[in-house]
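Worksheet for the structure shown next.
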Amino acid sequence: LDSTYGYKPAQAFQDSTSQSCYRFIDSQLNYQPREVSLVLRALQENELEKRYNFFVEVRSNRRRKQKDPATTALSKVFITADEHHLLNYKIAAGRITALLKGRGMYPRDCFAAIDRDRDGLLNYDDLKRGLDWLGLKLDQVLLLGFMKELDKDRDGYINLDEFKSAVGFDDDGTMASNAAAYNG
């Protein structure tokens, strides 16, 4: 009704990207992971410091609570140069999930098997040994990046909730048959 004659709306990807970028310009802080990825893709040509300075300066002129963006989901936009880092994390998490499903293991069972000292926390060495045990060999740089992404509370350790949020899945009914095939 209210558009130029012959106007064609944007495709879904372009529309989502533009909406996420407008929200960034508007200094909004609450983003879904997909929206963060879209903003990151749109801003990857800009330096990290310039992104952060722009956001904080614009936000300081708004009548909003001045919350530090580094403590929100948007923080990835200010510490990740481009989306390739996030892609490596997603690939590693997907491979771990597939290996767990192939063995018929739930994330909780895997976490318990990897946690050698039974303190409920995984350090770098625990995670490395555990992924080697699963059959996933990651080099040091990828493993450090993966651990950094997993460690949401930035305490240097991975707890069960952080592990499950990365590799958790719903049982689609194939777990029992996968466990029997792996063990049999």
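Convention: chains lettered A, B, ... in structure tokens order; per-chain residue numbering from 1; ligands numbered from 1 as shown.
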
Would you pick out the contacts of range 75-84 of chain A at 10 Å or less, using only C-alpha atoms, so that residues sharing its chain but fewer than 4 positions from it are not included, and give the list as an NGL selection string?
:A and (29 or 33 or 36-53 or 55 or 68-71 or 88-90 or 149)

Need to verify the contact set: range 57-59 of chain A, 8 Å, only C-alpha atoms, exclusion of same-chain residues closer than 4 positions in sequence. Can you return it as an mmCIF file with N, CA, C and O atoms, in the first residue's frame?
```
data_model
loop_
_atom_site.group_PDB
_atom_site.id
_atom_site.type_symbol
_atom_site.label_atom_id
_atom_site.label_comp_id
_atom_site.auth_asym_id
_atom_site.auth_seq_id
_atom_site.Cartn_x
_atom_site.Cartn_y
_atom_site.Cartn_z
ATOM 1 N N ILE A 25 23.159 0.183 14.930
ATOM 2 C CA ILE A 25 23.240 1.643 14.852
ATOM 3 C C ILE A 25 22.365 2.290 15.924
ATOM 4 O O ILE A 25 22.704 3.322 16.483
ATOM 5 N N ASP A 26 21.253 1.630 16.249
ATOM 6 C CA ASP A 26 20.337 2.128 17.271
ATOM 7 C C ASP A 26 20.821 1.802 18.689
ATOM 8 O O ASP A 26 20.123 2.070 19.657
ATOM 9 N N SER A 27 21.981 1.178 18.807
ATOM 10 C CA SER A 27 22.609 0.864 20.092
ATOM 11 C C SER A 27 21.844 -0.153 20.915
ATOM 12 O O SER A 27 21.875 -0.114 22.145
ATOM 13 N N ASN A 53 34.285 1.771 19.598
ATOM 14 C CA ASN A 53 34.213 3.215 19.854
ATOM 15 C C ASN A 53 32.952 3.830 19.253
ATOM 16 O O ASN A 53 32.301 4.667 19.883
ATOM 17 N N ARG A 64 19.408 5.876 27.506
ATOM 18 C CA ARG A 64 19.261 4.468 27.852
ATOM 19 C C ARG A 64 20.231 4.151 28.963
ATOM 20 O O ARG A 64 21.233 4.839 29.154
ATOM 21 N N GLN A 66 23.305 2.837 30.491
ATOM 22 C CA GLN A 66 24.633 2.717 29.874
ATOM 23 C C GLN A 66 25.306 1.419 30.326
ATOM 24 O O GLN A 66 26.201 1.408 31.158
#
```

Give me every alpha helix (DSSP H) residue in range 3-184 of chain A, going by DSSP on the backbone, as a PyMOL selection string.
chain A and resi 12-25+33-43+48-60+75-79+83-103+107-114+124-134+140-150+160-167+175-183

Using only C-alpha atoms, which protein or nucleic acid residues come within 12 Å of Asp119 in chain A? Drop anything in the same chain fewer than 5 positions from it, and give the result as a list in words.
Phe111, Ala112, Ala113, Ile114, Asp126, Tyr157, Ile158, Asn159 and Leu160 of chain A

Store the residues picked out above in a file with N, CA, C and O atoms, as a tab-separated table (two decimals), in the first residue's frame.
```
chain	number	residue	atom	x	y	z
A	111	PHE	N	30.90	-35.49	29.09
A	111	PHE	CA	31.52	-34.57	30.04
A	111	PHE	C	32.07	-35.33	31.24
A	111	PHE	O	33.20	-35.09	31.67
A	112	ALA	N	31.28	-36.27	31.76
A	112	ALA	CA	31.74	-37.06	32.91
A	112	ALA	C	32.96	-37.90	32.55
A	112	ALA	O	33.87	-38.06	33.37
A	113	ALA	N	33.01	-38.43	31.33
A	113	ALA	CA	34.15	-39.25	30.91
A	113	ALA	C	35.41	-38.39	30.73
A	113	ALA	O	36.52	-38.84	31.01
A	114	ILE	N	35.24	-37.17	30.28
A	114	ILE	CA	36.37	-36.28	30.03
A	114	ILE	C	36.90	-35.67	31.33
A	114	ILE	O	38.09	-35.44	31.47
A	126	ASP	N	42.10	-31.29	29.88
A	126	ASP	CA	40.96	-32.22	29.90
A	126	ASP	C	40.23	-32.21	28.55
A	126	ASP	O	39.90	-33.27	28.00
A	157	TYR	N	37.59	-22.28	32.70
A	157	TYR	CA	37.14	-23.67	32.76
A	157	TYR	C	35.80	-23.81	32.05
A	157	TYR	O	35.02	-22.86	31.96
A	158	ILE	N	35.53	-25.01	31.59
A	158	ILE	CA	34.24	-25.31	30.95
A	158	ILE	C	33.41	-26.11	31.93
A	158	ILE	O	33.84	-27.18	32.39
A	159	ASN	N	32.22	-25.62	32.27
A	159	ASN	CA	31.34	-26.40	33.13
A	159	ASN	C	30.34	-27.17	32.27
A	159	ASN	O	30.30	-27.02	31.04
A	160	LEU	N	29.55	-28.01	32.91
A	160	LEU	CA	28.62	-28.87	32.17
A	160	LEU	C	27.63	-28.06	31.34
A	160	LEU	O	27.36	-28.40	30.18
```

Given only C-alpha atoms as the counted atoms, nearest of A:Arg108, A:Ala98, A:Leu74, A:Met147 to Phe24 in chain A:
A:Leu74
